[in-house]
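Structure data follow from query.cif (mmCIF, C-alpha atoms):
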```cif
data_query
#
loop_
_atom_site.label_atom_id
_atom_site.label_comp_id
_atom_site.auth_asym_id
_atom_site.auth_seq_id
_atom_site.Cartn_x
_atom_site.Cartn_y
_atom_site.Cartn_z
CA MET A 1 26.15 3.68 31.43
CA THR A 2 26.63 0.33 29.72
CA PRO A 3 26.60 0.06 25.89
CA LEU A 4 23.18 -1.66 26.19
CA ALA A 5 21.75 1.29 28.10
CA TRP A 6 23.14 3.61 25.42
CA THR A 7 21.42 1.46 22.80
CA TYR A 8 18.09 1.67 24.60
CA LEU A 9 18.40 5.40 25.11
CA SER A 10 19.35 6.08 21.47
CA TYR A 11 16.55 3.78 20.34
CA LEU A 12 13.93 5.74 22.29
CA VAL A 13 15.40 9.10 21.24
CA LEU A 14 15.14 8.03 17.58
CA ALA A 15 11.98 5.90 17.56
CA ILE A 16 9.63 8.24 19.45
CA PRO A 17 10.28 11.39 17.38
CA LEU A 18 10.13 9.21 14.25
CA THR A 19 6.67 7.98 15.22
CA VAL A 20 5.55 11.53 15.99
CA TRP A 21 6.91 12.79 12.66
CA VAL A 22 5.19 10.02 10.66
CA ALA A 23 1.91 10.55 12.55
CA ARG A 24 2.00 14.31 11.88
CA THR A 25 2.84 13.82 8.21
CA LEU A 26 0.00 11.34 7.81
CA HIS A 27 -2.37 13.66 9.67
CA GLN A 28 -1.52 16.64 7.45
CA SER A 29 -1.12 14.98 4.05
CA GLY A 30 -3.78 12.35 4.62
CA ARG A 31 -6.56 14.85 5.22
CA ILE A 32 -7.25 15.60 1.58
CA PHE A 33 -7.24 11.88 0.76
CA LEU A 34 -9.74 11.24 3.54
CA VAL A 35 -11.98 14.13 2.48
CA ASP A 36 -12.06 12.60 -1.00
CA SER A 37 -12.66 9.09 0.40
CA PHE A 38 -15.65 10.40 2.33
CA LEU A 39 -16.93 12.23 -0.76
CA GLY A 40 -16.35 15.73 0.55
CA ASN A 41 -17.70 15.17 4.07
CA GLU A 42 -15.00 17.24 5.81
CA ALA A 43 -16.34 16.90 9.35
CA LEU A 44 -16.33 13.10 9.07
CA ALA A 45 -12.91 13.09 7.41
CA ASP A 46 -11.42 15.27 10.20
CA SER A 47 -12.95 13.07 12.87
CA VAL A 48 -11.64 9.86 11.27
CA ASN A 49 -8.27 11.50 10.67
CA HIS A 50 -7.96 12.36 14.36
CA LEU A 51 -9.08 8.90 15.47
CA LEU A 52 -6.59 7.33 13.09
CA VAL A 53 -3.71 9.36 14.52
CA VAL A 54 -4.68 8.31 18.05
CA GLY A 55 -4.77 4.64 16.96
CA PHE A 56 -1.50 5.10 15.12
CA TYR A 57 0.23 6.51 18.22
CA LEU A 58 -1.14 3.74 20.45
CA ILE A 59 -0.03 0.93 18.15
CA ASN A 60 3.36 2.34 17.27
CA LEU A 61 4.37 3.56 20.70
CA GLY A 62 3.13 0.23 22.08
CA PHE A 63 5.33 -1.57 19.57
CA VAL A 64 8.30 0.69 20.30
CA SER A 65 8.05 -0.06 24.04
CA LEU A 66 7.57 -3.80 23.53
CA ALA A 67 10.52 -3.97 21.16
CA LEU A 68 12.85 -2.10 23.50
CA ARG A 69 14.32 -5.11 25.25
CA SER A 70 17.19 -6.67 23.35
CA SER A 71 18.63 -10.14 23.72
CA GLU A 72 21.90 -8.94 22.24
CA ARG A 73 24.54 -7.43 24.48
CA PRO A 74 26.55 -4.89 22.49
CA LEU A 75 30.03 -4.45 23.88
CA ASP A 76 31.30 -1.55 21.78
CA PHE A 77 30.15 1.32 19.59
CA GLN A 78 29.81 -0.92 16.54
CA GLY A 79 27.61 -3.33 18.46
CA VAL A 80 25.43 -0.45 19.66
CA LEU A 81 24.97 0.78 16.08
CA GLU A 82 24.10 -2.70 14.79
CA THR A 83 21.52 -3.40 17.48
CA LEU A 84 20.08 0.07 17.10
CA SER A 85 19.84 -0.28 13.34
CA THR A 86 17.94 -3.58 13.62
CA LYS A 87 15.49 -2.12 16.09
CA ILE A 88 14.87 1.09 14.16
CA GLY A 89 14.49 -1.02 11.00
CA TRP A 90 11.66 -2.96 12.60
CA VAL A 91 9.96 0.24 13.77
CA LEU A 92 10.17 1.67 10.23
CA LEU A 93 8.79 -1.50 8.69
CA VAL A 94 5.85 -1.59 11.08
CA LEU A 95 5.13 2.08 10.38
CA GLY A 96 5.27 1.42 6.62
CA VAL A 97 3.01 -1.64 6.75
CA MET A 98 0.45 0.23 8.85
CA HIS A 99 0.58 3.17 6.49
CA PHE A 100 -0.11 1.05 3.39
CA PHE A 101 -2.80 -0.93 5.19
CA ASN A 102 -4.59 2.34 6.02
CA LEU A 103 -4.29 3.51 2.42
CA TYR A 104 -5.72 0.20 1.17
CA ILE A 105 -8.71 0.40 3.52
CA PHE A 106 -9.47 3.99 2.51
CA ALA A 107 -9.08 3.27 -1.18
CA ARG A 108 -11.67 0.48 -0.78
CA MET A 109 -13.99 2.75 1.18
CA ARG A 110 -13.70 5.42 -1.49
CA LYS A 111 -14.48 2.93 -4.24
CA ARG A 112 -17.58 1.70 -2.39
CA ALA A 113 -18.76 5.25 -1.73
CA LEU A 114 -18.33 6.18 -5.41
CA LEU A 115 -20.20 3.04 -6.49
CA ARG A 116 -23.01 3.85 -4.07
CA GLN A 117 -23.45 7.29 -5.61
CA ALA A 118 -23.03 6.19 -9.22
CA LEU A 119 -25.87 6.70 -11.68
CA PRO A 120 -27.23 3.59 -13.47
CA PRO A 121 -24.88 2.32 -16.19
CA VAL A 122 -27.73 1.90 -18.70
CA PRO A 123 -30.57 4.27 -19.58
CA PRO A 124 -34.21 3.18 -19.39
CA GLN A 125 -35.73 2.24 -22.73
CA GLY A 126 -38.94 4.13 -22.14
CA GLN A 127 -41.69 5.04 -19.80
CA VAL A 128 -44.90 3.32 -18.71
CA GLY A 129 -47.48 4.56 -16.30
CA ALA A 130 -46.84 3.76 -12.64
CA LEU A 131 -49.27 3.81 -9.76
CA MET B 1 -35.21 5.74 -8.17
CA LYS B 2 -36.24 4.35 -4.79
CA ASN B 3 -37.73 0.98 -5.72
CA LEU B 4 -37.46 -1.37 -8.68
CA TYR B 5 -40.18 -3.77 -9.75
CA VAL B 6 -38.93 -6.92 -11.43
CA LEU B 7 -41.58 -8.41 -13.70
CA PHE B 8 -40.65 -12.02 -14.42
CA ASP B 9 -42.20 -15.12 -15.95
CA GLN B 10 -43.31 -17.37 -13.13
CA ASP B 11 -43.57 -20.39 -15.46
CA CYS B 12 -39.87 -20.20 -16.32
CA ALA B 13 -37.76 -22.19 -13.87
CA LEU B 14 -34.64 -20.25 -14.74
CA CYS B 15 -36.38 -16.90 -14.20
CA ARG B 16 -37.59 -18.17 -10.83
CA THR B 17 -34.06 -19.19 -9.88
CA CYS B 18 -32.65 -15.82 -10.92
CA SER B 19 -35.39 -13.86 -9.13
CA GLY B 20 -34.93 -16.00 -6.03
CA TRP B 21 -31.24 -15.26 -6.07
CA LEU B 22 -31.79 -11.53 -6.66
CA ALA B 23 -34.25 -11.43 -3.75
CA GLN B 24 -31.66 -12.85 -1.36
CA GLN B 25 -28.95 -10.30 -2.12
CA PRO B 26 -28.40 -7.17 -0.01
CA ALA B 27 -29.58 -4.24 -2.12
CA PHE B 28 -29.00 -0.50 -2.46
CA ILE B 29 -32.38 -0.20 -4.17
CA PRO B 30 -35.07 -2.61 -2.92
CA LEU B 31 -36.27 -5.05 -5.59
CA HIS B 32 -39.91 -6.14 -5.66
CA PHE B 33 -40.89 -9.17 -7.67
CA ILE B 34 -44.15 -9.35 -9.61
CA PRO B 35 -44.97 -12.36 -11.82
CA LEU B 36 -45.96 -11.49 -15.39
CA GLN B 37 -49.00 -13.64 -14.76
CA SER B 38 -50.20 -11.29 -12.02
CA PRO B 39 -53.76 -10.09 -12.91
CA ASP B 40 -53.27 -6.50 -11.73
CA LEU B 41 -50.00 -5.91 -13.63
CA GLU B 42 -51.63 -3.71 -16.30
CA ARG B 43 -53.54 -1.78 -13.65
CA ARG B 44 -50.36 -1.14 -11.68
CA PHE B 45 -48.18 -0.23 -14.65
CA PRO B 46 -50.48 1.01 -17.45
CA GLY B 47 -48.97 0.26 -20.87
CA VAL B 48 -46.67 -2.51 -19.62
CA GLY B 49 -48.38 -5.07 -21.88
CA LYS B 50 -46.79 -3.62 -25.02
CA LEU B 51 -43.26 -4.28 -23.78
CA ASP B 52 -40.87 -6.91 -25.11
CA PHE B 53 -41.00 -9.90 -22.80
CA ARG B 54 -38.78 -12.14 -24.92
CA GLU B 55 -36.18 -12.15 -22.18
CA LYS B 56 -38.98 -12.92 -19.69
CA LEU B 57 -37.76 -10.08 -17.52
CA VAL B 58 -38.69 -6.41 -17.47
CA VAL B 59 -37.74 -4.01 -14.71
CA VAL B 60 -39.85 -0.94 -13.96
CA SER B 61 -38.80 1.82 -11.57
CA ASP B 62 -41.24 3.53 -9.23
CA GLU B 63 -41.25 6.47 -11.66
CA GLY B 64 -42.37 4.18 -14.51
CA ALA B 65 -39.04 4.05 -16.40
CA PHE B 66 -38.69 0.56 -17.84
CA TYR B 67 -35.67 -1.55 -18.71
CA GLN B 68 -35.91 -4.59 -20.97
CA GLY B 69 -33.50 -6.99 -22.64
CA PRO B 70 -29.91 -6.89 -21.34
CA ASN B 71 -30.57 -3.53 -19.65
CA ALA B 72 -33.12 -5.18 -17.35
CA TRP B 73 -30.50 -7.64 -16.08
CA ILE B 74 -27.95 -4.88 -15.69
CA ILE B 75 -30.29 -2.66 -13.70
CA CYS B 76 -31.03 -5.62 -11.39
CA LEU B 77 -27.31 -6.02 -10.69
CA TYR B 78 -27.00 -2.24 -10.27
CA ALA B 79 -29.59 -2.42 -7.49
CA LEU B 80 -27.52 -4.97 -5.55
CA ARG B 81 -24.87 -3.89 -3.08
CA ASP B 82 -22.39 -6.64 -3.89
CA TYR B 83 -22.94 -6.66 -7.66
CA ARG B 84 -23.11 -2.97 -8.62
CA GLU B 85 -19.56 -3.24 -9.88
CA TRP B 86 -20.67 -6.10 -12.13
CA SER B 87 -23.42 -3.92 -13.60
CA PHE B 88 -20.85 -1.33 -14.75
CA ARG B 89 -18.60 -4.02 -16.13
CA LEU B 90 -21.40 -5.75 -18.06
CA ALA B 91 -22.70 -2.44 -19.44
CA HIS B 92 -19.61 -2.35 -21.68
CA PRO B 93 -20.76 -2.80 -25.32
CA ALA B 94 -18.66 -5.96 -25.71
CA LEU B 95 -20.30 -7.60 -22.69
CA LEU B 96 -23.84 -6.22 -22.95
CA PRO B 97 -25.13 -9.16 -25.06
CA PHE B 98 -24.02 -11.52 -22.29
CA ALA B 99 -25.64 -9.65 -19.41
CA ARG B 100 -28.36 -12.21 -19.06
CA ARG B 101 -25.99 -15.17 -19.24
CA ALA B 102 -23.69 -13.60 -16.69
CA CYS B 103 -26.63 -13.14 -14.30
CA GLU B 104 -27.71 -16.76 -14.77
CA LEU B 105 -24.19 -18.01 -14.17
CA VAL B 106 -23.67 -15.87 -11.10
CA ALA B 107 -27.11 -16.83 -9.74
CA ARG B 108 -26.34 -20.52 -10.24
CA ASN B 109 -22.90 -19.98 -8.75
CA ARG B 110 -21.31 -21.23 -11.94
CA LEU B 111 -19.12 -18.29 -12.81
CA ALA B 112 -16.28 -19.66 -10.73
CA LEU B 113 -14.96 -17.17 -8.22
CA SER B 114 -17.00 -14.31 -9.60
CA ARG B 115 -14.81 -11.78 -7.81
CA TRP B 116 -11.88 -12.94 -9.92
CA ALA B 117 -13.96 -13.07 -13.09
CA LEU B 118 -14.78 -9.41 -12.52
CA LYS B 119 -11.10 -8.50 -12.73
CA LEU B 120 -10.62 -10.20 -16.12
CA PRO B 121 -10.03 -7.97 -19.15
CA ILE B 122 -13.19 -7.31 -21.22
CA GLU B 123 -12.12 -9.67 -24.06
CA LYS B 124 -11.30 -12.55 -21.70
CA LEU B 125 -14.58 -12.18 -19.79
CA SER B 126 -16.49 -11.98 -23.07
CA GLN B 127 -14.81 -15.21 -24.29
CA LYS B 128 -15.52 -16.93 -20.99
CA LEU B 129 -19.21 -16.00 -21.15
CA GLN B 130 -19.45 -17.03 -24.80
CA ALA B 131 -17.93 -20.42 -24.02
CA MET B 132 -20.63 -21.20 -21.45
CA PRO B 133 -23.77 -22.38 -23.25
CA PRO B 134 -27.02 -20.62 -22.34
CA GLU B 135 -29.27 -22.62 -20.08
CA VAL B 136 -32.46 -24.09 -21.52
CA CYS B 137 -35.69 -22.48 -20.42
CA SER B 138 -38.45 -24.77 -19.29
CA THR B 139 -41.22 -22.81 -21.07
CA THR B 140 -39.57 -22.76 -24.49
CA PRO B 141 -38.85 -26.36 -25.55
CA GLY B 142 -35.32 -26.68 -26.85
CA GLY B 143 -34.56 -22.98 -26.65
CA ALA B 144 -33.24 -20.36 -24.32
CA CYS B 145 -35.59 -18.04 -22.51
#
```

Written as structure tokens, how would this file's structure read?
Amino acid sequence: MTPLAWTYLSYLVLAIPLTVWVARTLHQSGRIFLVDSFLGNEALADSVNHLLVVGFYLINLGFVSLALRSSERPLDFQGVLETLSTKIGWVLLVLGVMHFFNLYIFARMRKRALLRQALPPVPPQGQVGAL
Amino acid sequence: MKNLYVLFDQDCALCRTCSGWLAQQPAFIPLHFIPLQSPDLERRFPGVGKLDFREKLVVVSDEGAFYQGPNAWIICLYALRDYREWSFRLAHPALLPFARRACELVARNRLALSRWALKLPIEKLSQKLQAMPPEVCSTTPGGAC
């Protein structure tokens, strides 16, 4: 095998389990955040959580495959490590950006849901008859 | 609270502008507009005549709870989907006296970039609202509504 093939192989061996690990962590730790964002609606939170993980896998594995091809041609072990590091770095950055984007969206949804349920900020001054 | 009835002075141009603006906004609680001049107001809301109409705006819920003065403006904003956050902000004691002015300014699109204004600290927002002179009401010569 050429050094480039080794790079590709190591990249896939690292990037795919990394994506799976991040997706599982998000799925497990994110559940409670989602339940809170959906104001205790656990069924909805579980459904969205599952859909999110599917979307997460599609986007990240899609990115990992697209980013496989390298224009660099590493000739030795050092070259392999450098190319690999750049590629894994990009995968990690994309995972991080997606993670924070998800958090931002859910924080906004939670805020809206809380506002929707909020009681009026001022009390009425009295009562009249109403037909 | 399923519906809110906004009783406003039809002769006041500013009140008409504000009601028109309120009517166009997407709402959590539907707003219904009834001019103070409407002949069946007292029949619909018995006892409404004794209320303070100095601000030319009174809001009555379908259960008969009424809001007048700054509270009336705040409850109008509370009913709106995009301005509920404003209602909580303006309900702060330091901003409550400016509730009406804030509504006028937002309705006339004068509170530049209202989304940004909402993020200002209470003192800054209060100063900003104080610095903007109240608009003159057409029914009260030389004075505010």

Contacts from chain B to chain A, 8 Å maximum, all atoms listed in the file: show me the residue list as a ChimeraX atom specification. /B:28,44-48,62-68,71,74-75,78,84-85,87-88,91

Which distance in Å separates CA of Arg43 in chain B and CA of Ser61 in chain B, to one decimal?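 One can read the CA of Arg43 in chain B to CA of Ser61 in chain B distance as 15.3 Å.
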
Report as a PyMOL selection string the residues that result from applying the PyMOL selection byres ((chain A and resi 43-59) around 7) to the structure here. chain A and resi 23+27+31+34-35+38+41-42+60-63

Take the residues from that selection and write them out as an mmCIF file, in the coordinates of the input, keeping C-alpha atoms.
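To be explicit, this is the file written out as out.cif:
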```
data_model
loop_
_atom_site.group_PDB
_atom_site.id
_atom_site.type_symbol
_atom_site.label_atom_id
_atom_site.label_comp_id
_atom_site.auth_asym_id
_atom_site.auth_seq_id
_atom_site.Cartn_x
_atom_site.Cartn_y
_atom_site.Cartn_z
ATOM 1 C CA ALA A 23 1.910 10.550 12.550
ATOM 2 C CA HIS A 27 -2.370 13.660 9.670
ATOM 3 C CA ARG A 31 -6.560 14.850 5.220
ATOM 4 C CA LEU A 34 -9.740 11.240 3.540
ATOM 5 C CA VAL A 35 -11.980 14.130 2.480
ATOM 6 C CA PHE A 38 -15.650 10.400 2.330
ATOM 7 C CA ASN A 41 -17.700 15.170 4.070
ATOM 8 C CA GLU A 42 -15.000 17.240 5.810
ATOM 9 C CA ASN A 60 3.360 2.340 17.270
ATOM 10 C CA LEU A 61 4.370 3.560 20.700
ATOM 11 C CA GLY A 62 3.130 0.230 22.080
ATOM 12 C CA PHE A 63 5.330 -1.570 19.570
#
```

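With all atoms listed in the file as the atoms that count, the minimum distance from Glu72 in chain A to the choices A:Met98, A:Ala107, A:Met1, A:Thr7 is reached by A:Thr7.
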
In file coordinates, which residues lie within 12 Å of (11.5, -2.0, 13.1) using all atoms listed in the file, given as a ChimeraX atom specification? /A:11,14-15,18-19,60-61,63-68,83-97

Between A:Leu39, A:Gly79, A:Val13, A:Phe33, which residue has the minimum interatomic distance to Tyr104 in chain A, considering all atoms listed in the file?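 Comparing A:Leu39, A:Gly79, A:Val13, A:Phe33 against Tyr104 in chain A, the winner is A:Phe33.
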
Give me, please, the distance in Å between CA of Gly49 in chain B and CA of Val106 in chain B, quoted to one decimal.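 If I compute the distance from CA of Gly49 in chain B to CA of Val106 in chain B, I get 29.0 Å.
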
List the spatial neighbours of Trp73 in chain B as JSON, numbers by chain - criterion: any atom at most 8 Å away, all atoms listed in the file, same-chain residues fewer than 4 positions off excluded. {"B": [57, 68, 69, 77, 99, 100, 103]}

Find the distance between CA of Pro3 in chain A and CA of Val20 in chain A and write it in Å to one decimal. 25.9 Å

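Of the residues listed (A:Leu9, A:Pro74, A:Gly40, A:His99), A:His99 shows the shortest atom-to-atom separation from Thr25 in chain A; distances use all atoms listed in the file.
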
Name the residues in contact with Asp82 in chain B at a cut-off of 8 Å, using all atoms listed in the file, excluding same-chain residues fewer than 4 positions from it; report them as a ChimeraX atom specification. /B:25-27

From the coordinates supplied, range 9-110 of chain A should be written with C-alpha atoms, as an mmCIF file, in the first residue's frame.
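Result file follows (part_7.cif):
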```cif
data_model
loop_
_atom_site.group_PDB
_atom_site.id
_atom_site.type_symbol
_atom_site.label_atom_id
_atom_site.label_comp_id
_atom_site.auth_asym_id
_atom_site.auth_seq_id
_atom_site.Cartn_x
_atom_site.Cartn_y
_atom_site.Cartn_z
ATOM 1 C CA LEU A 9 -7.446 4.094 5.561
ATOM 2 C CA SER A 10 -6.357 5.728 8.837
ATOM 3 C CA TYR A 11 -8.639 8.671 8.098
ATOM 4 C CA LEU A 12 -11.685 6.415 7.719
ATOM 5 C CA VAL A 13 -10.727 4.299 10.742
ATOM 6 C CA LEU A 14 -10.536 7.474 12.855
ATOM 7 C CA ALA A 15 -13.282 9.646 11.353
ATOM 8 C CA ILE A 16 -16.125 7.103 11.265
ATOM 9 C CA PRO A 17 -15.858 5.933 14.909
ATOM 10 C CA LEU A 18 -15.405 9.590 15.913
ATOM 11 C CA THR A 19 -18.678 10.509 14.200
ATOM 12 C CA VAL A 20 -20.432 7.544 15.819
ATOM 13 C CA TRP A 21 -19.057 8.474 19.249
ATOM 14 C CA VAL A 22 -20.136 12.137 18.936
ATOM 15 C CA ALA A 23 -23.588 11.114 17.656
ATOM 16 C CA ARG A 24 -24.087 8.696 20.571
ATOM 17 C CA THR A 25 -22.906 11.247 23.117
ATOM 18 C CA LEU A 26 -25.250 13.864 21.697
ATOM 19 C CA HIS A 27 -28.103 11.360 21.626
ATOM 20 C CA GLN A 28 -27.604 10.384 25.277
ATOM 21 C CA SER A 29 -26.685 13.720 26.850
ATOM 22 C CA GLY A 30 -28.895 15.802 24.597
ATOM 23 C CA ARG A 31 -32.097 14.031 25.588
ATOM 24 C CA ILE A 32 -32.627 15.901 28.835
ATOM 25 C CA PHE A 33 -31.934 19.220 27.097
ATOM 26 C CA LEU A 34 -34.486 18.375 24.412
ATOM 27 C CA VAL A 35 -37.101 17.272 26.955
ATOM 28 C CA ASP A 36 -36.658 20.651 28.653
ATOM 29 C CA SER A 37 -36.768 22.503 25.303
ATOM 30 C CA PHE A 38 -40.066 20.815 24.511
ATOM 31 C CA LEU A 39 -41.409 21.634 27.981
ATOM 32 C CA GLY A 40 -41.523 18.062 29.238
ATOM 33 C CA ASN A 41 -43.015 16.485 26.105
ATOM 34 C CA GLU A 42 -40.837 13.349 26.231
ATOM 35 C CA ALA A 43 -42.354 11.590 23.226
ATOM 36 C CA LEU A 44 -41.688 14.623 21.013
ATOM 37 C CA ALA A 45 -38.206 15.080 22.461
ATOM 38 C CA ASP A 46 -37.315 11.412 21.786
ATOM 39 C CA SER A 47 -38.644 11.638 18.254
ATOM 40 C CA VAL A 48 -36.693 14.833 17.497
ATOM 41 C CA ASN A 49 -33.613 13.385 19.178
ATOM 42 C CA HIS A 50 -33.727 10.336 16.907
ATOM 43 C CA LEU A 51 -34.329 12.436 13.791
ATOM 44 C CA LEU A 52 -31.437 14.690 14.749
ATOM 45 C CA VAL A 53 -29.061 11.741 15.091
ATOM 46 C CA VAL A 54 -30.093 10.461 11.656
ATOM 47 C CA GLY A 55 -29.491 13.925 10.151
ATOM 48 C CA PHE A 56 -26.215 14.177 12.026
ATOM 49 C CA TYR A 57 -24.981 10.835 10.630
ATOM 50 C CA LEU A 58 -26.024 11.750 7.082
ATOM 51 C CA ILE A 59 -24.292 15.126 7.108
ATOM 52 C CA ASN A 60 -21.136 14.020 8.861
ATOM 53 C CA LEU A 61 -20.594 10.747 7.058
ATOM 54 C CA GLY A 62 -21.356 12.590 3.806
ATOM 55 C CA PHE A 63 -18.711 15.153 4.702
ATOM 56 C CA VAL A 64 -16.222 12.469 5.738
ATOM 57 C CA SER A 65 -16.623 10.700 2.363
ATOM 58 C CA LEU A 66 -16.420 13.921 0.353
ATOM 59 C CA ALA A 67 -13.322 15.037 2.218
ATOM 60 C CA LEU A 68 -11.515 11.729 1.729
ATOM 61 C CA ARG A 69 -9.694 12.616 -1.460
ATOM 62 C CA SER A 70 -6.478 14.493 -0.845
ATOM 63 C CA SER A 71 -4.499 16.616 -3.275
ATOM 64 C CA GLU A 72 -1.376 16.073 -1.204
ATOM 65 C CA ARG A 73 0.799 13.053 -1.830
ATOM 66 C CA PRO A 74 2.496 12.054 1.423
ATOM 67 C CA LEU A 75 5.736 10.224 0.820
ATOM 68 C CA ASP A 76 6.653 9.154 4.343
ATOM 69 C CA PHE A 77 5.200 8.592 7.801
ATOM 70 C CA GLN A 78 5.474 12.275 8.702
ATOM 71 C CA GLY A 79 3.569 13.257 5.567
ATOM 72 C CA VAL A 80 0.851 10.713 6.381
ATOM 73 C CA LEU A 81 0.466 12.150 9.887
ATOM 74 C CA GLU A 82 0.287 15.737 8.611
ATOM 75 C CA THR A 83 -2.330 15.004 5.967
ATOM 76 C CA LEU A 84 -4.301 12.892 8.398
ATOM 77 C CA SER A 85 -4.203 15.586 11.052
ATOM 78 C CA THR A 86 -5.535 18.224 8.639
ATOM 79 C CA LYS A 87 -8.370 15.989 7.539
ATOM 80 C CA ILE A 88 -9.378 14.919 11.042
ATOM 81 C CA GLY A 89 -9.165 18.573 12.110
ATOM 82 C CA TRP A 90 -11.739 19.514 9.491
ATOM 83 C CA VAL A 91 -14.036 16.671 10.548
ATOM 84 C CA LEU A 92 -13.810 17.800 14.190
ATOM 85 C CA LEU A 93 -14.511 21.414 13.283
ATOM 86 C CA VAL A 94 -17.571 20.478 11.233
ATOM 87 C CA LEU A 95 -18.837 18.292 14.082
ATOM 88 C CA GLY A 96 -18.314 21.153 16.553
ATOM 89 C CA VAL A 97 -20.026 23.769 14.389
ATOM 90 C CA MET A 98 -23.015 21.482 13.835
ATOM 91 C CA HIS A 99 -23.211 20.744 17.531
ATOM 92 C CA PHE A 100 -23.303 24.426 18.526
ATOM 93 C CA PHE A 101 -25.744 25.250 15.746
ATOM 94 C CA ASN A 102 -28.115 22.577 17.097
ATOM 95 C CA LEU A 103 -27.755 23.934 20.629
ATOM 96 C CA TYR A 104 -28.511 27.469 19.397
ATOM 97 C CA ILE A 105 -31.656 26.349 17.569
ATOM 98 C CA PHE A 106 -32.930 24.431 20.593
ATOM 99 C CA ALA A 107 -32.153 27.252 22.991
ATOM 100 C CA ARG A 108 -34.255 29.549 20.770
ATOM 101 C CA MET A 109 -37.070 27.008 20.599
ATOM 102 C CA ARG A 110 -37.031 26.643 24.367
#
```
